[in-house]
Structures are given as structure tokens and as C-alpha cells.
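Data block below; observations after.
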Amino acid sequence: MTRHTEPERIEALVIGAGFAGMYLLHRLRGLGIPALALEAGDGVGGTWYWNRYPGARCDVESMQYSYGFSEALQQEWNWSERFAGQPEILRYANHVADRLDLRRDICFSTRATSAHWDELGASWMVETDTGRRLIARQLILATGCLSAARLPDIPGIRDFAGKVYHTGQWPHEGVDFTGQRVAVIGTGSSAIQAIPVIAREAAELTVFQRTPNFSIPSRNGPMTEDYAGAWKQDYPARRAAARRMRTGILYNLSQTPAMSVSEAERRAEYEARWAAGGTAFMAAFSDLLTNKEANDTAAEFVREKIRGLVKNPEVAEILVPRNHPIGTKRICVDTAYYETFNLPHVRLVDVRKHPITRITAEGVEAGGATHTVDSIVFATGFDAMTGTILAIDIRGRDGVAMREAWADGPRTHLGLMVAGFPNLFLITGPGSPSVLSNMIVSIEQHVDWVCDALAHLRREGLSAMETTPKAQEDWVAQVNEVAHRTLYPQANSWYMGANIPGKPQLFMPYVGGVGTYRQICDDIAANGYPGFAFTAAEQVKAAE
Ligand code: NA7
């Protein structure tokens, strides 16, 4: 590790060069604000840089899961599939980085380790794992919501003689499972995408399931010229409409409550949505996430579908989800997931009945039996939404650590700022729609809001901005109140922090919808930022 003697000064320091970090660099450049991004990986793309597991694919259609800020960009890029796979999304990220010449402002293979607020200098003192030190007026965390990959506390992982993988940290050179006996632990989105692909190569595949999930077929296929053309002709209007939608995705969101129509009509609607594929299934009726009776009808429909797809009734019953309302854990989207369990070399182990006790040199010990395997794939998820933020030793005013400030769960104002942490901005932080939305739409909205705020600081000769504790308390209460009007808190999900032992449980994303949230943020900016306090530049100079 080289220790640079003098820290470098930069006006805005961005952490992360995924879709959020890249757009930030572009916008900051446009404002003439000198900026640098630190990126732990050796390339851009964030989530799409790390999650290279077989079958990794976006569950938002590519025509919508792409930047909307540049008409040139959205016209020139051509997607090859309805739902692009990870390699194509990563190529897109690289294309954007080249096209906007972003790499010159990104410091790759560098992880921020600490960030301490210096009251006198009104700046952040940032240290990295390479010894590079920086002093930044503004610190913007574009660290991603699902970036801190998590291995469970199963004893003996290190004893395993074969290979161990995590879906969120997949080897760049890929993995060839041909002829291998493979274990997959977990059945969340990542596993549901990876299992059918791994099954095509592996000699034997054993899936260890703790909680079954609801999954809808994606009906993915090649992009047609007609479909892409229709979007491209109308992109500005469609993007504008998507930004007002609850999820930031333009699709047919029904205004009809489920129980207001006959059973036959409900079934016809579910059948049509099942046939069309994708997460729009959950938009079949207006109240699927707020009315349990309505939700039960959708859940039961999917349970029936699972029973129809899986030939062995015992296996089907293990795969049928019963412990949470449909959609209250992120709904999964798959290609031939349930059908994979009909293959003779694929086995399913119900971990609730046969708990995994340890990993041995040979494989996975569960329910008294050892499942001998050559490779274990952990598809066990992430320390979501707060993991990457808390991995940095962040200390705000009076040396207060973010870890202390968030000891009872993350508290933010709008998911954008934290009281006591001036000039520290979060992109898609907890308390914003984030993971409940089309991430790129939410990223663009946050980046625009932050950049507008920084432009305001410049215009007004202000050096620092922070949220007031009162505004933060009000927002936390509002996030909680809106969440409890829905069925979401009924699931032990990573939205609640429930997947990490000891993590405080509180519903982290804002469920009020992308459109409503945008309006709240826009109104705050238009009204001179009520709920935020500012420091004048002269006050800092005088202190210096
Ligand atoms: P998820 O959705 O957090 O899924 C993790 C899976 O791993 C889930 O099925 C867990 O079961 C399972 N898990 C975790 N720990 C264990 C142990 N100890 N034993 C057995 N099974 C375990 O992560 P993903 O990567 O699939 O998806 C994350 C998001 O990325 C996804 O929502 C998309 O937005 C993209 P559990 O449900 O906790 O019982």
C-alpha cells in the first residue's frame, strides 16, 4: 500500500461507478464541478459488473432499463432481447462510459475505507484501500443497494474441498459446470435465474431451499424492430410517463380492485398477464399489495401454475410459497425455473425440514445426510440497502459514526441525506423508492436532484447543506406509515433487513411510488429546500 503524503483536493467525490456514479460524473461535468469517482471494481457497471452468474438478467425490460437523459444515447443503442442479459447490460454501461468519456474521472480498483467530516474545512476527508487520500467538499455515495454480497453463517464453509461461488461476486472468466455435481443454496431472484442455466451443464444439481418464492415467466425473447422502433419513436413521452408511474416502469397498471370483478374475470386477467410475462403480473389489479383478500387470489393463481408446471406433486408442494403475500418479497421473473425441477438430475432439499448443519470437505450436510458436490453456489443475497454504506467508516459532525446514527435502522430524509452528515448525499438510499422501482429511473431522479442542489449551493455562495433532524424524523415516520398501509411488512424480506441476523428490522424503501416521491422532491427544491439547513461560504472561510 502506497501512502500518499498530501491528500488531493476535489470538489465532489463520488463513490461507485455503476449507473448512478456514471450519470453523476456526467451531470457534475455539465455543471463545471470538478469530480472524481472511486470504484472498487476494475470497470464500470456496478451491479452488472459483479453479478455475472449464469442467467443473470434484468427483470425490467431493456427499453426501459436504460438511461433516459440523452435522446442520442437512447436512439443509438440497440438491445438484442426484451430483457437483456448481464453481458449486454455491461456492454451498454461500457458504451456509455466511452461515449461520455467518463473513464478519465474514475479511479478504478480503489475502495473508500473511511470518510470523516472536517468541521473547520467543511469537507470530507476520505481514505482508500490503496492509500490514496482525498479531501472533498461533497461526498456522494453511489454505492448501490445490492452490492454487499453475503455468505451465511454456516459452519465449515472453509473446509469444503471443492469450489465455492457467490452469485454476487462471480468470477470474470465464467465457470464451466459441465459434468459437475453442484449445490445451489438459496432460491431468491439470483438463484431462480441461475438454476435453469446451471442445470443445463451440471451432471447433478441439488437446490437447497429455505423459503420458496413466487416467480412469473419472463417470456423473454429477441427484441423485434417493431417493438424497439415504437419505443424509439416515442421515447421522450414514454420516459416522461414512466417517471410518473408507481414503479418507474411504464406498463398497464390496472385501476380496478381485484374483488370488484367476478372470479372468471380475475382469472382471465391473471392468465393474460401470465402469458405476457414479467413483473407487470402484479399490476393486474389496483389493490394486490394493499388488500390481503385480493392478494390471495393472485397468490393462489400462481400456486396453481406451479403445481401445473412441476410434475412431481411432492416437489411442487415444496416449491409453493405460503409464508408471505405475493409481491411482498421481490417478485421473481424466470425462464423455465419450475420446469427445471422435472429434470432427472435436479433435486430439491427443503432446508426448513432438513436444516443445513454444516459444510464438510465433501459437500453440504443437511438433515443428517451429506450431499456430496464438486461446487457450491451461494445465491444467498446481500446486506441490502445499508451494507455498502456501513462498510465505509463514515463519521459526521462531532465524530458521530453512521453506524451509531443508524443503530436502530437507517434514518434519512428522502433517502438522500442524513442528519448530522453535511454534504453527504446518498443515491437511492434507504427511505427512497430505490429497489421497489426501475433503478435507472430512480437513479436519474436522485442524481438530478442532488446536482440541482449543488448548483443551488454554488449560486447562493453556500458551502454546506444538511437535512434537519426534524425533517428526517418526519420522513422516517412517513416512510413507515406508508409501508404499513400495504402488505409489504408482512414478509420477512431483505426490504425489512430480515435476511441479516441482528440487523434492525424496519421497512427500508419508500413504497409511496416513484411519481409521488418525485413530486415531493421537486416541491422541496422549488420551495427553497425546506427541511434543509445551509452554511454560508463566508462562515467556513472565517473559521479557516
Ligand atoms: P435474495 O433475494 O436475498 O435471496 C437469497 C436467498 O438465499 C433466499 O432464498 C434466502 O432464503 C436464501 N438463504 C440465505 N441464507 C440462507 C441460509 N443460511 N440457508 C439457506 N438459504 C439461505 O438474494 P438474490 O441475490 O436472489 O436477489 C437479490 C435481489 O437482486 C433481487 O431481489 C433482485 O432485485 C436482484 P430466505 O428467503 O432468507 O429464507
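As shown in the C-alpha cells, the chain order sets the letters A, B, ...; within each chain, residues go from 1, and ligands are also counted from 1 in the order they appear.
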
> Could you pull the residues within 6 Å of region 185-187 of chain A, counting only C-alpha atoms, minus those fewer than 4 positions along the same chain, as a ChimeraX atom specification?
Replying inline: /A:191-192,208-209,378-380

> DSSP on the backbone: what in region 65-116 of chain A comes out alpha helix (DSSP H), as an MDAnalysis selection string?
Replying inline: chainID A and resid 71:76 86:99

Store the residues picked out above, limited to N, CA and C atoms, as a PDB file, in the first residue's frame.
```pdb
ATOM      1  N   GLU A  71     -31.311  11.769 -25.481  1.00  0.00           N
ATOM      2  CA  GLU A  71     -32.054  11.252 -26.647  1.00  0.00           C
ATOM      3  C   GLU A  71     -31.073  10.551 -27.597  1.00  0.00           C
ATOM      4  N   ALA A  72     -29.878  11.103 -27.766  1.00  0.00           N
ATOM      5  CA  ALA A  72     -28.902  10.499 -28.679  1.00  0.00           C
ATOM      6  C   ALA A  72     -28.571   9.075 -28.228  1.00  0.00           C
ATOM      7  N   LEU A  73     -28.333   8.942 -26.922  1.00  0.00           N
ATOM      8  CA  LEU A  73     -27.955   7.639 -26.363  1.00  0.00           C
ATOM      9  C   LEU A  73     -29.073   6.617 -26.549  1.00  0.00           C
ATOM     10  N   GLN A  74     -30.281   7.020 -26.254  1.00  0.00           N
ATOM     11  CA  GLN A  74     -31.374   6.047 -26.337  1.00  0.00           C
ATOM     12  C   GLN A  74     -31.744   5.719 -27.782  1.00  0.00           C
ATOM     13  N   GLN A  75     -31.396   6.602 -28.700  1.00  0.00           N
ATOM     14  CA  GLN A  75     -31.665   6.290 -30.104  1.00  0.00           C
ATOM     15  C   GLN A  75     -30.584   5.379 -30.686  1.00  0.00           C
ATOM     16  N   GLU A  76     -29.345   5.572 -30.279  1.00  0.00           N
ATOM     17  CA  GLU A  76     -28.260   4.846 -30.955  1.00  0.00           C
ATOM     18  C   GLU A  76     -28.062   3.419 -30.444  1.00  0.00           C
ATOM     19  N   GLN A  86     -26.964  -9.989 -18.458  1.00  0.00           N
ATOM     20  CA  GLN A  86     -25.890  -9.198 -17.825  1.00  0.00           C
ATOM     21  C   GLN A  86     -24.783  -8.772 -18.795  1.00  0.00           C
ATOM     22  N   PRO A  87     -24.296  -9.678 -19.692  1.00  0.00           N
ATOM     23  CA  PRO A  87     -23.192  -9.234 -20.559  1.00  0.00           C
ATOM     24  C   PRO A  87     -23.588  -8.039 -21.427  1.00  0.00           C
ATOM     25  N   GLU A  88     -24.820  -8.047 -21.898  1.00  0.00           N
ATOM     26  CA  GLU A  88     -25.257  -6.947 -22.766  1.00  0.00           C
ATOM     27  C   GLU A  88     -25.433  -5.641 -21.970  1.00  0.00           C
ATOM     28  N   ILE A  89     -25.936  -5.766 -20.750  1.00  0.00           N
ATOM     29  CA  ILE A  89     -26.103  -4.544 -19.933  1.00  0.00           C
ATOM     30  C   ILE A  89     -24.727  -3.974 -19.589  1.00  0.00           C
ATOM     31  N   LEU A  90     -23.780  -4.873 -19.334  1.00  0.00           N
ATOM     32  CA  LEU A  90     -22.420  -4.392 -19.040  1.00  0.00           C
ATOM     33  C   LEU A  90     -21.799  -3.727 -20.280  1.00  0.00           C
ATOM     34  N   ARG A  91     -22.075  -4.299 -21.452  1.00  0.00           N
ATOM     35  CA  ARG A  91     -21.579  -3.650 -22.692  1.00  0.00           C
ATOM     36  C   ARG A  91     -22.183  -2.258 -22.844  1.00  0.00           C
ATOM     37  N   TYR A  92     -23.455  -2.157 -22.490  1.00  0.00           N
ATOM     38  CA  TYR A  92     -24.137  -0.854 -22.565  1.00  0.00           C
ATOM     39  C   TYR A  92     -23.462   0.146 -21.606  1.00  0.00           C
ATOM     40  N   ALA A  93     -23.194  -0.302 -20.379  1.00  0.00           N
ATOM     41  CA  ALA A  93     -22.535   0.580 -19.399  1.00  0.00           C
ATOM     42  C   ALA A  93     -21.184   1.046 -19.945  1.00  0.00           C
ATOM     43  N   ASN A  94     -20.453   0.132 -20.553  1.00  0.00           N
ATOM     44  CA  ASN A  94     -19.143   0.496 -21.110  1.00  0.00           C
ATOM     45  C   ASN A  94     -19.289   1.448 -22.288  1.00  0.00           C
ATOM     46  N   HIS A  95     -20.319   1.217 -23.083  1.00  0.00           N
ATOM     47  CA  HIS A  95     -20.587   2.114 -24.215  1.00  0.00           C
ATOM     48  C   HIS A  95     -20.839   3.542 -23.707  1.00  0.00           C
ATOM     49  N   VAL A  96     -21.638   3.635 -22.637  1.00  0.00           N
ATOM     50  CA  VAL A  96     -21.949   4.966 -22.094  1.00  0.00           C
ATOM     51  C   VAL A  96     -20.675   5.626 -21.560  1.00  0.00           C
ATOM     52  N   ALA A  97     -19.868   4.830 -20.858  1.00  0.00           N
ATOM     53  CA  ALA A  97     -18.621   5.382 -20.303  1.00  0.00           C
ATOM     54  C   ALA A  97     -17.722   5.910 -21.416  1.00  0.00           C
ATOM     55  N   ASP A  98     -17.662   5.179 -22.531  1.00  0.00           N
ATOM     56  CA  ASP A  98     -16.830   5.625 -23.662  1.00  0.00           C
ATOM     57  C   ASP A  98     -17.433   6.853 -24.325  1.00  0.00           C
ATOM     58  N   ARG A  99     -18.717   6.743 -24.574  1.00  0.00           N
ATOM     59  CA  ARG A  99     -19.430   7.789 -25.319  1.00  0.00           C
ATOM     60  C   ARG A  99     -19.346   9.132 -24.594  1.00  0.00           C
TER      61      ARG A  99
END
```

> Among region 197-316 of chain A, which residues carry a DSSP assignment of strand (DSSP E), reported as a ChimeraX atom specification?
Replying inline: /A:204-209,215-217

Could you take the residues named above and write them with N, CA and C atoms, as an mmCIF file, in the first residue's frame?
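The file below, part_38.cif, is the result:
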```
data_model
loop_
_atom_site.group_PDB
_atom_site.id
_atom_site.type_symbol
_atom_site.label_atom_id
_atom_site.label_comp_id
_atom_site.auth_asym_id
_atom_site.auth_seq_id
_atom_site.Cartn_x
_atom_site.Cartn_y
_atom_site.Cartn_z
ATOM 1 N N GLU A 204 -25.217 -33.233 -11.877
ATOM 2 C CA GLU A 204 -26.240 -33.303 -10.817
ATOM 3 C C GLU A 204 -26.367 -31.918 -10.211
ATOM 4 N N LEU A 205 -27.585 -31.532 -9.937
ATOM 5 C CA LEU A 205 -27.792 -30.228 -9.288
ATOM 6 C C LEU A 205 -28.701 -30.421 -8.082
ATOM 7 N N THR A 206 -28.242 -29.976 -6.925
ATOM 8 C CA THR A 206 -29.063 -30.044 -5.716
ATOM 9 C C THR A 206 -29.337 -28.618 -5.248
ATOM 10 N N VAL A 207 -30.617 -28.301 -5.149
ATOM 11 C CA VAL A 207 -31.012 -26.945 -4.743
ATOM 12 C C VAL A 207 -31.478 -26.995 -3.294
ATOM 13 N N PHE A 208 -30.901 -26.129 -2.467
ATOM 14 C CA PHE A 208 -31.280 -26.052 -1.060
ATOM 15 C C PHE A 208 -32.177 -24.841 -0.875
ATOM 16 N N GLN A 209 -33.434 -25.110 -0.585
ATOM 17 C CA GLN A 209 -34.416 -24.022 -0.482
ATOM 18 C C GLN A 209 -34.883 -23.831 0.964
ATOM 19 N N SER A 215 -42.550 -16.834 -8.671
ATOM 20 C CA SER A 215 -41.852 -16.396 -9.886
ATOM 21 C C SER A 215 -42.799 -16.446 -11.073
ATOM 22 N N ILE A 216 -42.662 -15.451 -11.920
ATOM 23 C CA ILE A 216 -43.515 -15.304 -13.104
ATOM 24 C C ILE A 216 -42.627 -15.537 -14.324
ATOM 25 N N PRO A 217 -43.119 -16.252 -15.343
ATOM 26 C CA PRO A 217 -42.259 -16.431 -16.527
ATOM 27 C C PRO A 217 -41.964 -15.091 -17.190
#
```

>> Give me, as a PyMOL selection string, the set of residues whose atoms come within 8 Å of any atom of ligand 1, counting only C-alpha atoms and all ligand atoms.
In response: chain A and resi 59+146+151-154+167-168+185-192+208-213+329-332+351+355-356+378-382+435+492-494+498-499

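Compared by their closest atoms to Val164 (chain A), and using only C-alpha atoms, the residues A:Thr256, A:Ser66, A:Thr178, A:Ser375 rank with A:Ser375 nearest.
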
> Neighbours of Ala453 (chain A) within 9 Å (only C-alpha atoms; same-chain residues fewer than 5 positions away dropped), as a VMD selection string?
Replying inline: chain A and resid 448 458 465 525 529

Can you pull out the residues contacting region 236-246 of chain A? Cut-off 12 Å, using only C-alpha atoms, and skip same-chain residues under 5 positions away; I want them as a PDB file with N, CA, C and O atoms, in the first residue's frame.
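Listed below is the output, part-v3.pdb:
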```
ATOM      1  N   MET A  63     -35.852  -1.708 -22.926  1.00  0.00           N
ATOM      2  CA  MET A  63     -36.231  -0.408 -23.496  1.00  0.00           C
ATOM      3  C   MET A  63     -36.470   0.596 -22.371  1.00  0.00           C
ATOM      4  O   MET A  63     -36.414   1.797 -22.579  1.00  0.00           O
ATOM      5  N   GLN A  64     -36.726   0.071 -21.156  1.00  0.00           N
ATOM      6  CA  GLN A  64     -36.969   0.957 -20.021  1.00  0.00           C
ATOM      7  C   GLN A  64     -35.813   0.948 -19.028  1.00  0.00           C
ATOM      8  O   GLN A  64     -35.630   1.906 -18.295  1.00  0.00           O
ATOM      9  N   TYR A  65     -35.082  -0.157 -18.967  1.00  0.00           N
ATOM     10  CA  TYR A  65     -33.938  -0.214 -18.046  1.00  0.00           C
ATOM     11  C   TYR A  65     -32.715   0.310 -18.792  1.00  0.00           C
ATOM     12  O   TYR A  65     -31.831  -0.441 -19.223  1.00  0.00           O
ATOM     13  N   SER A  66     -32.700   1.578 -19.017  1.00  0.00           N
ATOM     14  CA  SER A  66     -31.619   2.231 -19.760  1.00  0.00           C
ATOM     15  C   SER A  66     -31.760   3.723 -19.479  1.00  0.00           C
ATOM     16  O   SER A  66     -32.827   4.180 -19.069  1.00  0.00           O
ATOM     17  N   TYR A  67     -30.676   4.458 -19.688  1.00  0.00           N
ATOM     18  CA  TYR A  67     -30.714   5.894 -19.393  1.00  0.00           C
ATOM     19  C   TYR A  67     -31.726   6.600 -20.288  1.00  0.00           C
ATOM     20  O   TYR A  67     -31.790   6.336 -21.499  1.00  0.00           O
ATOM     21  N   GLY A  68     -32.444   7.550 -19.689  1.00  0.00           N
ATOM     22  CA  GLY A  68     -33.402   8.338 -20.455  1.00  0.00           C
ATOM     23  C   GLY A  68     -32.976   9.788 -20.585  1.00  0.00           C
ATOM     24  O   GLY A  68     -33.697  10.590 -21.159  1.00  0.00           O
ATOM     25  N   PHE A  69     -31.789  10.130 -20.045  1.00  0.00           N
ATOM     26  CA  PHE A  69     -31.427  11.553 -20.026  1.00  0.00           C
ATOM     27  C   PHE A  69     -30.913  12.057 -21.371  1.00  0.00           C
ATOM     28  O   PHE A  69     -30.832  13.256 -21.595  1.00  0.00           O
ATOM     29  N   SER A  70     -30.539  11.138 -22.255  1.00  0.00           N
ATOM     30  CA  SER A  70     -29.953  11.579 -23.524  1.00  0.00           C
ATOM     31  C   SER A  70     -30.699  10.938 -24.690  1.00  0.00           C
ATOM     32  O   SER A  70     -30.702   9.708 -24.836  1.00  0.00           O
ATOM     33  N   GLU A  71     -31.311  11.769 -25.481  1.00  0.00           N
ATOM     34  CA  GLU A  71     -32.054  11.252 -26.647  1.00  0.00           C
ATOM     35  C   GLU A  71     -31.073  10.551 -27.597  1.00  0.00           C
ATOM     36  O   GLU A  71     -31.380   9.486 -28.145  1.00  0.00           O
ATOM     37  N   ALA A  72     -29.878  11.103 -27.766  1.00  0.00           N
ATOM     38  CA  ALA A  72     -28.902  10.499 -28.679  1.00  0.00           C
ATOM     39  C   ALA A  72     -28.571   9.075 -28.228  1.00  0.00           C
ATOM     40  O   ALA A  72     -28.574   8.131 -29.023  1.00  0.00           O
ATOM     41  N   GLN A  74     -30.281   7.020 -26.254  1.00  0.00           N
ATOM     42  CA  GLN A  74     -31.374   6.047 -26.337  1.00  0.00           C
ATOM     43  C   GLN A  74     -31.744   5.719 -27.782  1.00  0.00           C
ATOM     44  O   GLN A  74     -32.305   4.662 -28.039  1.00  0.00           O
ATOM     45  N   GLN A  75     -31.396   6.602 -28.700  1.00  0.00           N
ATOM     46  CA  GLN A  75     -31.665   6.290 -30.104  1.00  0.00           C
ATOM     47  C   GLN A  75     -30.584   5.379 -30.686  1.00  0.00           C
ATOM     48  O   GLN A  75     -30.862   4.503 -31.498  1.00  0.00           O
ATOM     49  N   ALA A 230     -41.110   1.324 -32.012  1.00  0.00           N
ATOM     50  CA  ALA A 230     -42.237   2.023 -31.398  1.00  0.00           C
ATOM     51  C   ALA A 230     -41.761   2.823 -30.183  1.00  0.00           C
ATOM     52  O   ALA A 230     -42.188   3.955 -29.951  1.00  0.00           O
ATOM     53  N   TRP A 231     -40.863   2.233 -29.410  1.00  0.00           N
ATOM     54  CA  TRP A 231     -40.320   2.940 -28.250  1.00  0.00           C
ATOM     55  C   TRP A 231     -39.492   4.146 -28.690  1.00  0.00           C
ATOM     56  O   TRP A 231     -39.629   5.244 -28.153  1.00  0.00           O
ATOM     57  N   TYR A 251     -46.148   0.394 -17.676  1.00  0.00           N
ATOM     58  CA  TYR A 251     -46.916  -0.774 -18.073  1.00  0.00           C
ATOM     59  C   TYR A 251     -48.364  -0.589 -17.685  1.00  0.00           C
ATOM     60  O   TYR A 251     -48.718   0.413 -17.059  1.00  0.00           O
ATOM     61  N   ASN A 252     -49.146  -1.541 -18.108  1.00  0.00           N
ATOM     62  CA  ASN A 252     -50.578  -1.419 -17.929  1.00  0.00           C
ATOM     63  C   ASN A 252     -50.954  -1.679 -16.469  1.00  0.00           C
ATOM     64  O   ASN A 252     -51.096  -2.822 -16.048  1.00  0.00           O
ATOM     65  N   LEU A 253     -51.060  -0.588 -15.707  1.00  0.00           N
ATOM     66  CA  LEU A 253     -51.369  -0.675 -14.283  1.00  0.00           C
ATOM     67  C   LEU A 253     -52.875  -0.546 -14.111  1.00  0.00           C
ATOM     68  O   LEU A 253     -53.448   0.510 -14.356  1.00  0.00           O
ATOM     69  N   SER A 254     -53.496  -1.633 -13.712  1.00  0.00           N
ATOM     70  CA  SER A 254     -54.960  -1.630 -13.614  1.00  0.00           C
ATOM     71  C   SER A 254     -55.440  -0.693 -12.505  1.00  0.00           C
ATOM     72  O   SER A 254     -54.798  -0.570 -11.460  1.00  0.00           O
ATOM     73  N   ALA A 280     -45.202  -7.172 -14.530  1.00  0.00           N
ATOM     74  CA  ALA A 280     -46.498  -6.494 -14.711  1.00  0.00           C
ATOM     75  C   ALA A 280     -47.638  -7.376 -14.209  1.00  0.00           C
ATOM     76  O   ALA A 280     -48.770  -6.904 -14.056  1.00  0.00           O
ATOM     77  N   MET A 282     -48.065  -8.207 -11.289  1.00  0.00           N
ATOM     78  CA  MET A 282     -48.503  -7.609 -10.021  1.00  0.00           C
ATOM     79  C   MET A 282     -49.348  -6.348 -10.221  1.00  0.00           C
ATOM     80  O   MET A 282     -49.880  -5.807  -9.256  1.00  0.00           O
ATOM     81  N   ALA A 283     -49.433  -5.878 -11.473  1.00  0.00           N
ATOM     82  CA  ALA A 283     -50.264  -4.696 -11.766  1.00  0.00           C
ATOM     83  C   ALA A 283     -51.631  -5.112 -12.307  1.00  0.00           C
ATOM     84  O   ALA A 283     -52.395  -4.280 -12.802  1.00  0.00           O
ATOM     85  N   SER A 286     -55.568  -3.144  -8.889  1.00  0.00           N
ATOM     86  CA  SER A 286     -55.001  -1.971  -8.212  1.00  0.00           C
ATOM     87  C   SER A 286     -54.613  -2.237  -6.758  1.00  0.00           C
ATOM     88  O   SER A 286     -53.818  -1.504  -6.186  1.00  0.00           O
ATOM     89  N   PRO A 433     -37.655   5.321  -3.085  1.00  0.00           N
ATOM     90  CA  PRO A 433     -38.295   4.157  -3.738  1.00  0.00           C
ATOM     91  C   PRO A 433     -37.293   3.074  -4.159  1.00  0.00           C
ATOM     92  O   PRO A 433     -37.607   1.883  -4.131  1.00  0.00           O
ATOM     93  N   SER A 434     -36.128   3.464  -4.567  1.00  0.00           N
ATOM     94  CA  SER A 434     -34.983   2.578  -4.838  1.00  0.00           C
ATOM     95  C   SER A 434     -35.375   1.195  -5.359  1.00  0.00           C
ATOM     96  O   SER A 434     -35.902   1.076  -6.451  1.00  0.00           O
ATOM     97  N   LEU A 436     -37.714  -0.723  -5.041  1.00  0.00           N
ATOM     98  CA  LEU A 436     -39.092  -1.014  -5.445  1.00  0.00           C
ATOM     99  C   LEU A 436     -39.386  -0.417  -6.812  1.00  0.00           C
ATOM    100  O   LEU A 436     -40.528  -0.393  -7.257  1.00  0.00           O
ATOM    101  N   SER A 437     -38.358   0.100  -7.449  1.00  0.00           N
ATOM    102  CA  SER A 437     -38.591   0.824  -8.705  1.00  0.00           C
ATOM    103  C   SER A 437     -37.615   0.379  -9.778  1.00  0.00           C
ATOM    104  O   SER A 437     -36.697  -0.391  -9.521  1.00  0.00           O
ATOM    105  N   ASN A 438     -37.857   0.906 -10.969  1.00  0.00           N
ATOM    106  CA  ASN A 438     -36.873   0.780 -12.041  1.00  0.00           C
ATOM    107  C   ASN A 438     -35.659   1.595 -11.596  1.00  0.00           C
ATOM    108  O   ASN A 438     -35.715   2.829 -11.524  1.00  0.00           O
ATOM    109  N   MET A 439     -34.568   0.913 -11.259  1.00  0.00           N
ATOM    110  CA  MET A 439     -33.441   1.596 -10.615  1.00  0.00           C
ATOM    111  C   MET A 439     -32.901   2.748 -11.458  1.00  0.00           C
ATOM    112  O   MET A 439     -32.459   3.760 -10.915  1.00  0.00           O
ATOM    113  N   ILE A 440     -32.899   2.603 -12.768  1.00  0.00           N
ATOM    114  CA  ILE A 440     -32.284   3.678 -13.565  1.00  0.00           C
ATOM    115  C   ILE A 440     -33.141   4.944 -13.507  1.00  0.00           C
ATOM    116  O   ILE A 440     -32.617   6.054 -13.422  1.00  0.00           O
ATOM    117  N   VAL A 441     -34.452   4.767 -13.479  1.00  0.00           N
ATOM    118  CA  VAL A 441     -35.335   5.934 -13.352  1.00  0.00           C
ATOM    119  C   VAL A 441     -35.082   6.624 -12.003  1.00  0.00           C
ATOM    120  O   VAL A 441     -34.953   7.856 -11.930  1.00  0.00           O
ATOM    121  N   SER A 442     -34.982   5.842 -10.944  1.00  0.00           N
ATOM    122  CA  SER A 442     -34.748   6.422  -9.617  1.00  0.00           C
ATOM    123  C   SER A 442     -33.360   7.046  -9.513  1.00  0.00           C
ATOM    124  O   SER A 442     -33.182   8.088  -8.880  1.00  0.00           O
ATOM    125  N   ILE A 443     -32.389   6.398 -10.131  1.00  0.00           N
ATOM    126  CA  ILE A 443     -31.028   6.947 -10.122  1.00  0.00           C
ATOM    127  C   ILE A 443     -31.015   8.312 -10.807  1.00  0.00           C
ATOM    128  O   ILE A 443     -30.470   9.283 -10.281  1.00  0.00           O
ATOM    129  N   GLU A 444     -31.623   8.389 -11.965  1.00  0.00           N
ATOM    130  CA  GLU A 444     -31.613   9.676 -12.695  1.00  0.00           C
ATOM    131  C   GLU A 444     -32.290  10.765 -11.873  1.00  0.00           C
ATOM    132  O   GLU A 444     -31.830  11.905 -11.831  1.00  0.00           O
ATOM    133  N   GLN A 445     -33.389  10.395 -11.228  1.00  0.00           N
ATOM    134  CA  GLN A 445     -34.116  11.402 -10.439  1.00  0.00           C
ATOM    135  C   GLN A 445     -33.258  11.881  -9.262  1.00  0.00           C
ATOM    136  O   GLN A 445     -33.166  13.078  -8.995  1.00  0.00           O
ATOM    137  N   TYR A 510     -39.147   3.420   0.277  1.00  0.00           N
ATOM    138  CA  TYR A 510     -40.384   4.209   0.320  1.00  0.00           C
ATOM    139  C   TYR A 510     -41.377   3.612  -0.669  1.00  0.00           C
ATOM    140  O   TYR A 510     -41.090   3.566  -1.871  1.00  0.00           O
ATOM    141  N   VAL A 511     -42.531   3.154  -0.155  1.00  0.00           N
ATOM    142  CA  VAL A 511     -43.491   2.486  -1.042  1.00  0.00           C
ATOM    143  C   VAL A 511     -44.503   3.420  -1.686  1.00  0.00           C
ATOM    144  O   VAL A 511     -45.362   2.962  -2.439  1.00  0.00           O
ATOM    145  N   GLY A 512     -44.404   4.697  -1.392  1.00  0.00           N
ATOM    146  CA  GLY A 512     -45.412   5.647  -1.884  1.00  0.00           C
ATOM    147  C   GLY A 512     -45.426   5.823  -3.392  1.00  0.00           C
ATOM    148  O   GLY A 512     -46.345   6.436  -3.939  1.00  0.00           O
ATOM    149  N   GLY A 513     -44.429   5.313  -4.071  1.00  0.00           N
ATOM    150  CA  GLY A 513     -44.408   5.373  -5.533  1.00  0.00           C
ATOM    151  C   GLY A 513     -43.430   6.409  -6.058  1.00  0.00           C
ATOM    152  O   GLY A 513     -43.215   7.455  -5.442  1.00  0.00           O
ATOM    153  N   VAL A 514     -42.884   6.084  -7.207  1.00  0.00           N
ATOM    154  CA  VAL A 514     -41.861   6.913  -7.847  1.00  0.00           C
ATOM    155  C   VAL A 514     -42.416   8.296  -8.225  1.00  0.00           C
ATOM    156  O   VAL A 514     -41.767   9.315  -8.020  1.00  0.00           O
ATOM    157  N   GLY A 515     -43.640   8.321  -8.757  1.00  0.00           N
ATOM    158  CA  GLY A 515     -44.229   9.592  -9.205  1.00  0.00           C
ATOM    159  C   GLY A 515     -44.490  10.526  -8.030  1.00  0.00           C
ATOM    160  O   GLY A 515     -44.126  11.705  -8.053  1.00  0.00           O
ATOM    161  N   THR A 516     -45.106   9.982  -6.976  1.00  0.00           N
ATOM    162  CA  THR A 516     -45.403  10.781  -5.778  1.00  0.00           C
ATOM    163  C   THR A 516     -44.113  11.291  -5.161  1.00  0.00           C
ATOM    164  O   THR A 516     -43.999  12.460  -4.768  1.00  0.00           O
ATOM    165  N   TYR A 517     -43.155  10.403  -5.071  1.00  0.00           N
ATOM    166  CA  TYR A 517     -41.869  10.741  -4.447  1.00  0.00           C
ATOM    167  C   TYR A 517     -41.175  11.862  -5.225  1.00  0.00           C
ATOM    168  O   TYR A 517     -40.657  12.824  -4.644  1.00  0.00           O
ATOM    169  N   ARG A 518     -41.184  11.733  -6.548  1.00  0.00           N
ATOM    170  CA  ARG A 518     -40.557  12.763  -7.387  1.00  0.00           C
ATOM    171  C   ARG A 518     -41.194  14.137  -7.119  1.00  0.00           C
ATOM    172  O   ARG A 518     -40.509  15.136  -6.987  1.00  0.00           O
ATOM    173  N   GLN A 519     -42.520  14.118  -7.003  1.00  0.00           N
ATOM    174  CA  GLN A 519     -43.228  15.383  -6.767  1.00  0.00           C
ATOM    175  C   GLN A 519     -42.800  15.994  -5.431  1.00  0.00           C
ATOM    176  O   GLN A 519     -42.563  17.202  -5.341  1.00  0.00           O
TER     177      GLN A 519
END
```
